[in-house]
Amino acid sequence: MKHYAIPDVRDVRIEKGLLGDVAAKMIDSVIPYQWEMLNDRVEGAAPSHCVMNFKIAAGDVKGEYAGCVFQDSDLAKWLEAAAYSLMVKPNADLEKTCDDLIAVIGRAQQPDGYLNTYYTVKEPGKRWTNMRDNHELYCAGHMMEAACAYFEATGKRQLLDIMTRMAYHIDSVIGPEEGKLHGYPGHEEIELALVRMYHATGDALMLKLARYFINQRGTKPYFFVEEAKRRDSNNYFDQNDFKQLYWQSHLPVREQAAPEGHSVRAMYLATGMADVARETGDNTLIAACKHLFESTSTRRMYVTGGVGSSSIGEAFTFDYDLPNDLAYAETCASIALCFFMRAMLQLEPDGRYADVMERALYNTCLAGMSLDGRNFFYVNPLEVDPEASHKDKRKEHVLPVRPQWFGCACCPPNLARLTTSLAKYMFTLGENEIYMNLYAQAEADLKLGDKHVTLKCGTDYPVSGEIVLHPGAGKYALCLRIPGWAKTYSIKLNGESIDAAVEHGYARIEREFKDGDVIALSLPMQPRRVYANPHVRADIGKVAIMRGPVVYCLEQVDNGALVEALCLARNAELSEAAQPDKLGGIIEIHAAGKRLVSSSDALYSDEAPALEDAELTFIPYYTWANRGENEMTVFVRDI
Ligand SMILES: [Zn+2]
């Protein structure tokens, strides 16, 4: 089956601009800072216990296991991000830190290949008794991803060998054969990781296991029900009837038409399905992936690319249920949505996948971290009143400012591994075709079959929509994504306008490129109004502002209190103002608006509130909550 490759991280240097700056911040500041966090050396922050748990499991120190049952995964995600960091910017000290850490991980591995510090330290003898809740396969998946990334970065096999032994151990315990557990992970992730292991090792066992987990999921009798019968427990999940939806185990995956349950799990599953489908050419699985894409992107996704509407189960709910103030929209879920879209782009070039990926990346993902890289959001609401967050139990998950770290710190290292590996999202590569999915200042050296093609991209995107490309010499097709939000565009080759055919969202320029050729792509980067489908009850009568891929919001600090009382007339002009010193450098959007003002203090009155003139100042959503606690809203009253 025809499919598309992605570049290695080291093949694309993203140097400047919004994405380049975020990656540099990650590498220079956040990854070292997170290492301190994982070692419990940051004063005032909740301890992670991560490294300590591994040292205890390794027998290096004595102590008790601490933290969540899936704590190992935070370390794995950090190690994966550190590997990408080494590819972008070699650092002997960091590599030594990683080598030493991998030696500890090796000592924590049990003689039979098993690796999980929770069970090794805290509940030896109870391994594989609660695959639904206790994340052994999830943690293994993350460590497999770290192993593949570290092997790619350094050529060192130690962690890859450790995780290969773990895969063989898993295969000895779980599978279709009699005497094995016929199960699958309660939190998906290992499926996509096993496909990476398959690529890194060439070992068919990896793909066999990934396929088994995908195909076995949701079959009857339900594994998690049978497993719970064998287990004497009465935990949160036993007490709450999630009806298998929470774990996406309610139906075989090919019968699941919409994403259900825990949103991070659902998106990791979808990614694993697409990855397995690509490797096996399974058309029924591809069809299921497309159904999940359609239902997610057309009915269950916030304008910010956030997914997961309810804090109960951190879950998808139903079509068009996208409350702004109660949103869950976990940072990890949007990161996982980017993974899913990357996997779909590897199946077929369709600009809609890149549109969703870009939406999630520039909005919910970037909003997950403060501008200084020190604080992180887990939940990404579209409307916040700090008083409600403090006093209303239903909104206690909606934090008005980013905390330093979490007891459950899945999002910060996940963000680190995404933003340090954007090369994998920026391009997909066919036999003789380059698909450019994201635009950023970059220099690339891309493998097209057995040849190399260089490509330089100069742009300050998304500040402007002007993109100048210097393709290296050779005969191939350069396919430039024309975003779904771009109503117009122009392409010039060496100063002359050209008519490039647009297929599935990509303008295709196929020719014998010569050294010195210059392609200029111009996308319309003006502010625009965006309306939700009226089925989204929360957004009826409201409008959001976007500029290119960036969603905007109103914050109290710029607009005064009660931002919900602000209104934007349909004919009001949206003007831009560059603010190089504000919030790390932004394009602010201004509009003459109105404010609803009551004429009396009465709770109810016969008199309609007056509409007073108000100047509205919109800032990019990803920059909100960097100036202390204050109100924020994405959707504004449309009058
Ligand atoms: Zn998370």
# chains A, B, ... in the order shown; residues from 1 in each chain; ligands from 1
>>> residues_around(residues="Leu181 of chain A", least_positions_apart="4", cutoff="10 Å", atoms="only C-alpha atoms", output="mmCIF file with all heavy atoms, in the first residue's frame")
data_model
loop_
_atom_site.group_PDB
_atom_site.id
_atom_site.type_symbol
_atom_site.label_atom_id
_atom_site.label_comp_id
_atom_site.auth_asym_id
_atom_site.auth_seq_id
_atom_site.Cartn_x
_atom_site.Cartn_y
_atom_site.Cartn_z
ATOM 1 N N TRP A 128 0.113 -7.519 35.979
ATOM 2 C CA TRP A 128 -0.874 -7.914 34.969
ATOM 3 C C TRP A 128 -2.201 -8.353 35.577
ATOM 4 O O TRP A 128 -2.903 -9.178 35.015
ATOM 5 C CB TRP A 128 -0.317 -9.022 34.056
ATOM 6 C CG TRP A 128 1.023 -8.716 33.468
ATOM 7 C CD1 TRP A 128 2.171 -9.420 33.685
ATOM 8 C CD2 TRP A 128 1.364 -7.627 32.598
ATOM 9 N NE1 TRP A 128 3.213 -8.836 33.002
ATOM 10 C CE2 TRP A 128 2.746 -7.734 32.320
ATOM 11 C CE3 TRP A 128 0.652 -6.567 32.028
ATOM 12 C CZ2 TRP A 128 3.435 -6.833 31.506
ATOM 13 C CZ3 TRP A 128 1.338 -5.669 31.218
ATOM 14 C CH2 TRP A 128 2.692 -5.811 30.964
ATOM 15 N N THR A 129 -2.521 -7.821 36.770
ATOM 16 C CA THR A 129 -3.817 -8.157 37.358
ATOM 17 C C THR A 129 -4.831 -7.043 37.155
ATOM 18 O O THR A 129 -6.020 -7.242 37.389
ATOM 19 C CB THR A 129 -3.694 -8.422 38.871
ATOM 20 O OG1 THR A 129 -3.077 -7.282 39.486
ATOM 21 C CG2 THR A 129 -2.898 -9.674 39.151
ATOM 22 N N MET A 131 -4.953 -4.541 34.150
ATOM 23 C CA MET A 131 -4.517 -3.864 32.916
ATOM 24 C C MET A 131 -5.451 -2.709 32.591
ATOM 25 O O MET A 131 -5.084 -1.808 31.843
ATOM 26 C CB MET A 131 -4.468 -4.861 31.759
ATOM 27 C CG MET A 131 -3.219 -5.744 31.844
ATOM 28 S SD MET A 131 -3.318 -7.237 30.854
ATOM 29 C CE MET A 131 -3.595 -6.591 29.231
ATOM 30 N N ILE A 170 6.028 -9.070 27.398
ATOM 31 C CA ILE A 170 4.589 -8.819 27.201
ATOM 32 C C ILE A 170 3.994 -9.919 26.325
ATOM 33 O O ILE A 170 2.925 -10.457 26.613
ATOM 34 C CB ILE A 170 4.371 -7.418 26.576
ATOM 35 C CG1 ILE A 170 4.744 -6.321 27.580
ATOM 36 C CG2 ILE A 170 2.918 -7.244 26.110
ATOM 37 C CD1 ILE A 170 4.863 -4.922 26.987
ATOM 38 N N ASP A 171 4.707 -10.258 25.261
ATOM 39 C CA ASP A 171 4.219 -11.296 24.351
ATOM 40 C C ASP A 171 4.111 -12.647 25.048
ATOM 41 O O ASP A 171 3.287 -13.486 24.666
ATOM 42 C CB ASP A 171 5.163 -11.399 23.145
ATOM 43 C CG ASP A 171 4.664 -12.399 22.119
ATOM 44 O OD1 ASP A 171 3.551 -12.197 21.601
ATOM 45 O OD2 ASP A 171 5.371 -13.399 21.864
ATOM 46 N N SER A 172 4.904 -12.864 26.085
ATOM 47 C CA SER A 172 4.828 -14.143 26.802
ATOM 48 C C SER A 172 3.627 -14.201 27.738
ATOM 49 O O SER A 172 3.223 -15.274 28.177
ATOM 50 C CB SER A 172 6.125 -14.373 27.599
ATOM 51 O OG SER A 172 6.152 -13.539 28.750
ATOM 52 N N VAL A 173 3.060 -13.018 28.041
ATOM 53 C CA VAL A 173 1.961 -12.945 29.010
ATOM 54 C C VAL A 173 0.613 -12.695 28.332
ATOM 55 O O VAL A 173 -0.423 -13.196 28.775
ATOM 56 C CB VAL A 173 2.242 -11.800 30.031
ATOM 57 C CG1 VAL A 173 1.097 -11.642 31.015
ATOM 58 C CG2 VAL A 173 3.547 -12.047 30.770
ATOM 59 N N ILE A 174 0.631 -11.903 27.242
ATOM 60 C CA ILE A 174 -0.619 -11.457 26.615
ATOM 61 C C ILE A 174 -0.644 -11.914 25.158
ATOM 62 O O ILE A 174 0.348 -11.792 24.446
ATOM 63 C CB ILE A 174 -0.727 -9.915 26.649
ATOM 64 C CG1 ILE A 174 -0.605 -9.400 28.087
ATOM 65 C CG2 ILE A 174 -2.057 -9.445 26.044
ATOM 66 C CD1 ILE A 174 -0.364 -7.911 28.190
ATOM 67 N N GLY A 175 -1.808 -12.400 24.731
ATOM 68 C CA GLY A 175 -1.924 -12.813 23.331
ATOM 69 C C GLY A 175 -3.069 -13.785 23.157
ATOM 70 O O GLY A 175 -3.756 -14.139 24.134
ATOM 71 N N PRO A 176 -3.296 -14.245 21.932
ATOM 72 C CA PRO A 176 -4.460 -15.098 21.665
ATOM 73 C C PRO A 176 -4.287 -16.540 22.148
ATOM 74 O O PRO A 176 -5.279 -17.260 22.275
ATOM 75 C CB PRO A 176 -4.565 -15.054 20.132
ATOM 76 C CG PRO A 176 -3.174 -14.749 19.648
ATOM 77 C CD PRO A 176 -2.526 -13.921 20.720
ATOM 78 N N GLU A 177 -3.047 -16.949 22.419
ATOM 79 C CA GLU A 177 -2.812 -18.352 22.752
ATOM 80 C C GLU A 177 -3.415 -18.708 24.112
ATOM 81 O O GLU A 177 -3.541 -17.866 24.986
ATOM 82 C CB GLU A 177 -1.307 -18.656 22.775
ATOM 83 C CG GLU A 177 -0.611 -18.486 21.443
ATOM 84 C CD GLU A 177 -0.124 -17.068 21.191
ATOM 85 O OE1 GLU A 177 -0.399 -16.192 22.048
ATOM 86 O OE2 GLU A 177 0.494 -16.832 20.148
ATOM 87 N N PHE A 223 -12.810 -7.980 28.130
ATOM 88 C CA PHE A 223 -11.659 -8.370 28.954
ATOM 89 C C PHE A 223 -11.668 -7.647 30.302
ATOM 90 O O PHE A 223 -11.380 -8.250 31.337
ATOM 91 C CB PHE A 223 -10.347 -8.078 28.214
ATOM 92 C CG PHE A 223 -9.131 -8.357 29.056
ATOM 93 C CD1 PHE A 223 -8.711 -9.662 29.270
ATOM 94 C CD2 PHE A 223 -8.435 -7.324 29.676
ATOM 95 C CE1 PHE A 223 -7.602 -9.935 30.070
ATOM 96 C CE2 PHE A 223 -7.328 -7.594 30.469
ATOM 97 C CZ PHE A 223 -6.911 -8.898 30.667
ATOM 98 N N GLU A 227 -11.565 -9.418 33.820
ATOM 99 C CA GLU A 227 -10.404 -9.134 34.673
ATOM 100 C C GLU A 227 -10.856 -8.634 36.045
ATOM 101 O O GLU A 227 -10.314 -9.041 37.081
ATOM 102 C CB GLU A 227 -9.527 -8.077 33.987
ATOM 103 C CG GLU A 227 -8.239 -7.763 34.730
ATOM 104 C CD GLU A 227 -7.559 -6.513 34.177
ATOM 105 O OE1 GLU A 227 -8.175 -5.419 34.199
ATOM 106 O OE2 GLU A 227 -6.398 -6.620 33.744
#
>>> closest_atom_pairs(of="chain A", to="ligand 1", cutoff="9 Å", atoms="only C-alpha atoms and all ligand atoms", output="JSON lines")
{"residue": "A:Val264", "atom": "CA", "partner": "ligand 1", "partner_atom_place_in_ligand_line": "1 (Zn)", "distance": 7.7}
{"residue": "A:Glu330", "atom": "CA", "partner": "ligand 1", "partner_atom_place_in_ligand_line": "1 (Zn)", "distance": 5.8}
{"residue": "A:Thr331", "atom": "CA", "partner": "ligand 1", "partner_atom_place_in_ligand_line": "1 (Zn)", "distance": 5.6}
{"residue": "A:Cys332", "atom": "CA", "partner": "ligand 1", "partner_atom_place_in_ligand_line": "1 (Zn)", "distance": 4.0}
{"residue": "A:Ala333", "atom": "CA", "partner": "ligand 1", "partner_atom_place_in_ligand_line": "1 (Zn)", "distance": 7.0}
{"residue": "A:Ile335", "atom": "CA", "partner": "ligand 1", "partner_atom_place_in_ligand_line": "1 (Zn)", "distance": 8.8}
{"residue": "A:Phe377", "atom": "CA", "partner": "ligand 1", "partner_atom_place_in_ligand_line": "1 (Zn)", "distance": 8.6}
{"residue": "A:Tyr378", "atom": "CA", "partner": "ligand 1", "partner_atom_place_in_ligand_line": "1 (Zn)", "distance": 5.6}
{"residue": "A:Val379", "atom": "CA", "partner": "ligand 1", "partner_atom_place_in_ligand_line": "1 (Zn)", "distance": 8.3}
{"residue": "A:Cys408", "atom": "CA", "partner": "ligand 1", "partner_atom_place_in_ligand_line": "1 (Zn)", "distance": 7.8}
{"residue": "A:Ala409", "atom": "CA", "partner": "ligand 1", "partner_atom_place_in_ligand_line": "1 (Zn)", "distance": 6.6}
{"residue": "A:Cys410", "atom": "CA", "partner": "ligand 1", "partner_atom_place_in_ligand_line": "1 (Zn)", "distance": 4.1}
{"residue": "A:Cys411", "atom": "CA", "partner": "ligand 1", "partner_atom_place_in_ligand_line": "1 (Zn)", "distance": 3.5}
{"residue": "A:Pro412", "atom": "CA", "partner": "ligand 1", "partner_atom_place_in_ligand_line": "1 (Zn)", "distance": 7.3}
{"residue": "A:Pro413", "atom": "CA", "partner": "ligand 1", "partner_atom_place_in_ligand_line": "1 (Zn)", "distance": 8.8}
{"residue": "A:Asn414", "atom": "CA", "partner": "ligand 1", "partner_atom_place_in_ligand_line": "1 (Zn)", "distance": 7.2}
{"residue": "A:Leu415", "atom": "CA", "partner": "ligand 1", "partner_atom_place_in_ligand_line": "1 (Zn)", "distance": 8.8}
>>> write_last_selection(atoms="all heavy atoms", output="short mmCIF file (atom, residue, chain, number, x, y, z; two decimals), in the first residue's frame")
data_model
loop_
_atom_site.label_atom_id
_atom_site.label_comp_id
_atom_site.auth_asym_id
_atom_site.auth_seq_id
_atom_site.Cartn_x
_atom_site.Cartn_y
_atom_site.Cartn_z
N VAL A 264 -7.72 11.56 25.81
CA VAL A 264 -6.32 11.25 25.47
C VAL A 264 -6.23 9.80 25.00
O VAL A 264 -5.59 9.49 23.99
CB VAL A 264 -5.39 11.48 26.68
CG1 VAL A 264 -3.96 11.16 26.32
CG2 VAL A 264 -5.52 12.91 27.18
N GLU A 330 -7.84 18.65 27.51
CA GLU A 330 -6.50 18.44 28.09
C GLU A 330 -5.41 18.69 27.04
O GLU A 330 -5.56 18.32 25.87
CB GLU A 330 -6.40 17.01 28.61
CG GLU A 330 -5.06 16.73 29.28
CD GLU A 330 -4.99 15.32 29.88
OE1 GLU A 330 -6.05 14.73 30.14
OE2 GLU A 330 -3.87 14.83 30.07
N THR A 331 -4.33 19.29 27.49
CA THR A 331 -3.20 19.55 26.58
C THR A 331 -2.77 18.26 25.90
O THR A 331 -2.55 18.22 24.69
CB THR A 331 -2.03 20.17 27.37
OG1 THR A 331 -2.51 21.27 28.12
CG2 THR A 331 -0.93 20.61 26.43
N CYS A 332 -2.66 17.17 26.67
CA CYS A 332 -2.25 15.87 26.10
C CYS A 332 -3.20 15.40 25.00
O CYS A 332 -2.76 14.73 24.06
CB CYS A 332 -2.23 14.79 27.18
SG CYS A 332 -0.78 14.84 28.22
N ALA A 333 -4.48 15.72 25.13
CA ALA A 333 -5.45 15.25 24.12
C ALA A 333 -5.21 15.95 22.79
O ALA A 333 -5.32 15.33 21.72
CB ALA A 333 -6.88 15.48 24.60
N ILE A 335 -2.28 17.21 21.90
CA ILE A 335 -1.00 16.65 21.45
C ILE A 335 -1.27 15.32 20.73
O ILE A 335 -0.77 15.07 19.63
CB ILE A 335 -0.05 16.45 22.64
CG1 ILE A 335 0.36 17.82 23.22
CG2 ILE A 335 1.19 15.64 22.23
CD1 ILE A 335 1.09 17.74 24.56
N PHE A 377 -0.60 24.20 31.75
CA PHE A 377 -2.03 23.89 31.86
C PHE A 377 -2.25 22.44 31.49
O PHE A 377 -1.67 21.92 30.53
CB PHE A 377 -2.86 24.73 30.87
CG PHE A 377 -3.34 26.03 31.42
CD1 PHE A 377 -3.35 27.17 30.61
CD2 PHE A 377 -3.83 26.15 32.71
CE1 PHE A 377 -3.81 28.38 31.09
CE2 PHE A 377 -4.29 27.35 33.20
CZ PHE A 377 -4.28 28.48 32.39
N TYR A 378 -3.17 21.82 32.22
CA TYR A 378 -3.62 20.47 31.94
C TYR A 378 -4.96 20.62 31.20
O TYR A 378 -5.20 20.00 30.18
CB TYR A 378 -3.78 19.79 33.29
CG TYR A 378 -4.05 18.33 33.34
CD1 TYR A 378 -3.02 17.43 33.60
CD2 TYR A 378 -5.33 17.83 33.21
CE1 TYR A 378 -3.27 16.08 33.71
CE2 TYR A 378 -5.58 16.48 33.32
CZ TYR A 378 -4.56 15.60 33.56
OH TYR A 378 -4.82 14.27 33.66
N VAL A 379 -5.80 21.53 31.73
CA VAL A 379 -7.12 21.80 31.18
C VAL A 379 -7.06 23.14 30.44
O VAL A 379 -6.43 24.08 30.92
CB VAL A 379 -8.14 21.88 32.34
CG1 VAL A 379 -9.48 22.42 31.87
CG2 VAL A 379 -8.31 20.49 32.96
N CYS A 408 -0.10 14.56 38.80
CA CYS A 408 -0.23 13.81 37.54
C CYS A 408 0.29 14.72 36.45
O CYS A 408 -0.43 15.56 35.94
CB CYS A 408 -1.70 13.46 37.31
SG CYS A 408 -2.05 12.95 35.63
N ALA A 409 1.57 14.58 36.13
CA ALA A 409 2.23 15.57 35.25
C ALA A 409 2.41 15.04 33.85
O ALA A 409 3.49 15.07 33.28
CB ALA A 409 3.57 15.96 35.84
N CYS A 410 1.30 14.55 33.25
CA CYS A 410 1.43 13.97 31.91
C CYS A 410 1.71 15.03 30.86
O CYS A 410 2.44 14.78 29.90
CB CYS A 410 0.15 13.21 31.56
SG CYS A 410 -1.35 14.16 31.80
N CYS A 411 1.11 16.22 31.01
CA CYS A 411 1.15 17.19 29.91
C CYS A 411 2.52 17.84 29.68
O CYS A 411 2.95 17.93 28.52
CB CYS A 411 0.10 18.28 30.11
SG CYS A 411 -1.59 17.65 30.29
N PRO A 412 3.23 18.32 30.73
CA PRO A 412 4.46 19.06 30.43
C PRO A 412 5.50 18.28 29.62
O PRO A 412 5.96 18.79 28.59
CB PRO A 412 4.98 19.44 31.83
CG PRO A 412 3.76 19.47 32.69
CD PRO A 412 2.88 18.39 32.16
N PRO A 413 5.84 17.05 29.99
CA PRO A 413 6.83 16.35 29.15
C PRO A 413 6.27 15.93 27.79
O PRO A 413 7.02 15.76 26.83
CB PRO A 413 7.25 15.14 29.98
CG PRO A 413 6.17 14.94 30.98
CD PRO A 413 5.51 16.26 31.19
N ASN A 414 4.95 15.79 27.71
CA ASN A 414 4.34 15.47 26.42
C ASN A 414 4.50 16.64 25.46
O ASN A 414 4.79 16.46 24.28
CB ASN A 414 2.85 15.15 26.63
CG ASN A 414 2.37 13.98 25.78
OD1 ASN A 414 3.14 13.39 25.02
ND2 ASN A 414 1.11 13.65 25.91
N LEU A 415 4.32 17.84 26.00
CA LEU A 415 4.50 19.05 25.20
C LEU A 415 5.96 19.18 24.77
O LEU A 415 6.25 19.60 23.65
CB LEU A 415 4.08 20.25 26.06
CG LEU A 415 3.66 21.53 25.39
CD1 LEU A 415 2.65 21.29 24.28
CD2 LEU A 415 3.09 22.48 26.44
#
>>> residues_around(residues="segment 450-457 of chain A", least_positions_apart="3", cutoff="12 Å", atoms="only C-alpha atoms", output="compact mmCIF listing (two decimals) with N, CA and C atoms, in the first residue's frame")
# COMPACT_ATOMS: atom_id res chain seq x y z
N PRO A 7 10.17 12.90 8.03
CA PRO A 7 11.61 13.10 8.18
C PRO A 7 12.09 12.72 9.58
N ASP A 11 16.77 16.02 10.34
CA ASP A 11 16.75 16.43 8.93
C ASP A 11 16.12 17.81 8.72
N VAL A 12 15.46 18.32 9.72
CA VAL A 12 14.78 19.62 9.58
C VAL A 12 15.18 20.51 10.75
N ARG A 13 15.80 21.64 10.43
CA ARG A 13 16.14 22.58 11.50
C ARG A 13 15.14 23.74 11.48
N ILE A 14 14.31 23.78 12.50
CA ILE A 14 13.32 24.86 12.62
C ILE A 14 13.96 25.91 13.51
N GLU A 15 14.26 27.06 12.92
CA GLU A 15 15.19 27.93 13.60
C GLU A 15 14.59 29.13 14.30
N LYS A 16 13.65 29.75 13.68
CA LYS A 16 13.15 31.01 14.25
C LYS A 16 11.64 30.98 14.22
N GLY A 17 11.05 32.13 14.57
CA GLY A 17 9.60 32.22 14.53
C GLY A 17 8.98 31.56 15.74
N MET A 426 5.92 18.57 10.09
CA MET A 426 6.04 19.63 9.09
C MET A 426 5.96 19.08 7.67
N PHE A 427 6.53 17.89 7.46
CA PHE A 427 6.57 17.31 6.11
C PHE A 427 6.07 15.87 6.13
N LEU A 429 6.54 12.68 3.16
CA LEU A 429 7.37 12.48 1.98
C LEU A 429 6.91 11.26 1.18
N GLY A 430 6.59 11.51 -0.09
CA GLY A 430 6.25 10.41 -0.99
C GLY A 430 7.50 9.99 -1.74
N GLU A 431 7.30 9.11 -2.71
CA GLU A 431 8.45 8.60 -3.46
C GLU A 431 9.23 9.74 -4.12
N ASN A 432 8.49 10.63 -4.73
CA ASN A 432 9.15 11.76 -5.39
C ASN A 432 8.37 13.05 -5.14
N GLU A 433 7.81 13.12 -3.92
CA GLU A 433 6.95 14.25 -3.58
C GLU A 433 7.26 14.72 -2.17
N ILE A 434 7.27 16.04 -2.01
CA ILE A 434 7.37 16.61 -0.67
C ILE A 434 6.05 17.30 -0.37
N TYR A 435 5.39 16.88 0.68
CA TYR A 435 4.19 17.57 1.14
C TYR A 435 4.58 18.45 2.32
N MET A 436 4.35 19.75 2.19
CA MET A 436 4.68 20.66 3.27
C MET A 436 3.40 20.96 4.02
N LEU A 438 3.22 22.20 7.49
CA LEU A 438 3.30 23.36 8.39
C LEU A 438 4.36 24.31 7.86
N TYR A 439 4.17 25.59 8.10
CA TYR A 439 5.13 26.58 7.62
C TYR A 439 5.88 27.19 8.79
N ALA A 440 7.20 27.17 8.69
CA ALA A 440 8.05 27.78 9.70
C ALA A 440 9.41 28.02 9.09
N GLN A 441 10.14 28.95 9.65
CA GLN A 441 11.52 29.21 9.20
C GLN A 441 12.32 27.94 9.42
N ALA A 442 12.82 27.35 8.34
CA ALA A 442 13.48 26.05 8.50
C ALA A 442 14.43 25.75 7.35
N GLU A 443 15.37 24.88 7.64
CA GLU A 443 16.23 24.32 6.59
C GLU A 443 16.09 22.81 6.67
N ALA A 444 15.76 22.22 5.55
CA ALA A 444 15.51 20.77 5.56
C ALA A 444 16.39 20.06 4.56
N ASP A 445 16.74 18.83 4.91
CA ASP A 445 17.45 17.94 4.00
C ASP A 445 16.64 16.65 3.99
N LEU A 446 15.81 16.49 2.97
CA LEU A 446 14.78 15.46 3.00
C LEU A 446 15.15 14.27 2.12
N LYS A 447 14.83 13.08 2.62
CA LYS A 447 15.09 11.87 1.83
C LYS A 447 13.86 11.58 0.98
N ASP A 460 8.03 34.38 8.57
CA ASP A 460 7.77 34.69 9.98
C ASP A 460 6.37 34.19 10.37
N TYR A 461 5.83 33.27 9.57
CA TYR A 461 4.53 32.65 9.81
C TYR A 461 4.39 32.25 11.29
N GLU A 466 3.53 35.25 4.41
CA GLU A 466 4.48 35.25 3.29
C GLU A 466 5.53 34.16 3.52
N ILE A 467 5.61 33.24 2.58
CA ILE A 467 6.49 32.08 2.74
C ILE A 467 7.38 31.99 1.48
N VAL A 468 8.68 32.04 1.69
CA VAL A 468 9.61 31.98 0.55
C VAL A 468 10.40 30.67 0.64
N LEU A 469 10.30 29.90 -0.43
CA LEU A 469 10.92 28.57 -0.42
C LEU A 469 12.04 28.50 -1.45
N HIS A 470 13.13 27.90 -1.05
CA HIS A 470 14.26 27.66 -1.97
C HIS A 470 14.42 26.15 -2.11
N PRO A 471 13.77 25.57 -3.11
CA PRO A 471 13.89 24.12 -3.28
C PRO A 471 15.23 23.75 -3.91
N GLY A 472 15.80 22.67 -3.45
CA GLY A 472 17.05 22.19 -4.04
C GLY A 472 16.82 21.63 -5.44
N ALA A 473 17.90 21.51 -6.20
CA ALA A 473 17.76 21.04 -7.59
C ALA A 473 17.29 19.60 -7.64
N GLY A 474 16.51 19.31 -8.69
CA GLY A 474 16.05 17.93 -8.88
C GLY A 474 14.65 17.91 -9.46
N LYS A 475 14.25 16.73 -9.95
CA LYS A 475 12.91 16.60 -10.51
C LYS A 475 12.02 15.92 -9.48
N TYR A 476 11.08 16.68 -8.98
CA TYR A 476 10.15 16.14 -7.96
C TYR A 476 8.96 17.09 -7.84
N ALA A 477 7.99 16.70 -7.04
CA ALA A 477 6.82 17.56 -6.81
C ALA A 477 6.91 18.16 -5.42
N LEU A 478 6.71 19.45 -5.35
CA LEU A 478 6.63 20.14 -4.07
C LEU A 478 5.16 20.52 -3.88
N LEU A 480 2.40 22.22 -1.64
CA LEU A 480 2.28 23.19 -0.55
C LEU A 480 0.86 23.21 -0.02
N PHE A 513 13.43 21.22 -10.70
CA PHE A 513 13.86 22.42 -10.00
C PHE A 513 15.36 22.63 -10.24
N LYS A 514 15.71 23.91 -10.40
CA LYS A 514 17.13 24.25 -10.59
C LYS A 514 17.61 25.01 -9.36
N ASP A 515 18.90 24.96 -9.10
CA ASP A 515 19.45 25.76 -8.01
C ASP A 515 19.10 27.23 -8.26
N GLY A 516 18.67 27.91 -7.24
CA GLY A 516 18.34 29.32 -7.39
C GLY A 516 16.86 29.56 -7.62
N ASP A 517 16.08 28.49 -7.85
CA ASP A 517 14.62 28.67 -7.99
C ASP A 517 14.05 29.19 -6.67
N VAL A 518 13.09 30.08 -6.79
CA VAL A 518 12.44 30.64 -5.59
C VAL A 518 10.93 30.54 -5.76
N ILE A 519 10.28 29.98 -4.77
CA ILE A 519 8.81 29.91 -4.79
C ILE A 519 8.31 30.81 -3.67
N ALA A 520 7.38 31.69 -4.00
CA ALA A 520 6.80 32.56 -2.97
C ALA A 520 5.32 32.21 -2.83
N LEU A 521 4.96 31.76 -1.65
CA LEU A 521 3.55 31.46 -1.35
C LEU A 521 3.03 32.56 -0.44
>>> residues_around(residues="Val303 of chain A", least_positions_apart="4", cutoff="10 Å", atoms="only C-alpha atoms", output="number ranges by chain")
A: 297, 307, 322, 356, 359-360, 363-364, 382, 530-532, 544, 546, 550-551, 634-635
>>> residues_around(residues="segment 267-280 of chain A", least_positions_apart="3", cutoff="6 Å", atoms="only C-alpha atoms", output="PyMOL selection string")
chain A and resi 188-189+191-192+264+285-286+336-337+340+343
>>> select_by_dssp(residues="segment 306-389 of chain A", states="helix (DSSP H, G or I)", output="number ranges by chain")
A: 331-347, 351-367, 386-389
>>> closest_residue(among="A:Leu616, A:Leu523, A:Ala423, A:Met357", to="Thr459 of chain A", atoms="only C-alpha atoms")
A:Leu523
>>> closest_residue(among="A:Glu226, A:Asp8, A:Asp372, A:Asp601", to="Asp21 of chain A", atoms="only C-alpha atoms")
A:Asp372
>>> select_by_dssp(residues="segment 379-474 of chain A", states="strand (DSSP E or B)", output="PyMOL selection string")
chain A and resi 383-384+427-429+433-436+442-448+451-459+466-471+474
>>> residues_around(residues="Ala58 of chain A", least_positions_apart="3", cutoff="8 Å", atoms="only C-alpha atoms", output="list in words")
Phe54, Lys55, Val61, Val104, Ile105, Gly106, Arg107, Ala108 and Gln109 of chain A
>>> residues_around(residues="Asp613 of chain A", least_positions_apart="4", cutoff="10 Å", atoms="only C-alpha atoms", output="ChimeraX atom specification")
/A:566-567,592-596
>>> atom_distance(atom1="atom CA of Gly560 of chain A", atom2="atom CA of His590 of chain A")
14.4 Å
>>> closest_residue(among="A:Ala140, A:Ala153, A:His3, A:Leu418", to="Leu194 of chain A", atoms="only C-alpha atoms")
A:Ala140
>>> closest_residue(among="A:Ser73, A:Asn375, A:Thr164, A:Ser389", to="Asp112 of chain A", atoms="only C-alpha atoms")
A:Thr164
>>> closest_residue(among="A:Lys62, A:Ala608, A:Trp78, A:Ala57", to="Arg417 of chain A", atoms="only C-alpha atoms")
A:Trp78
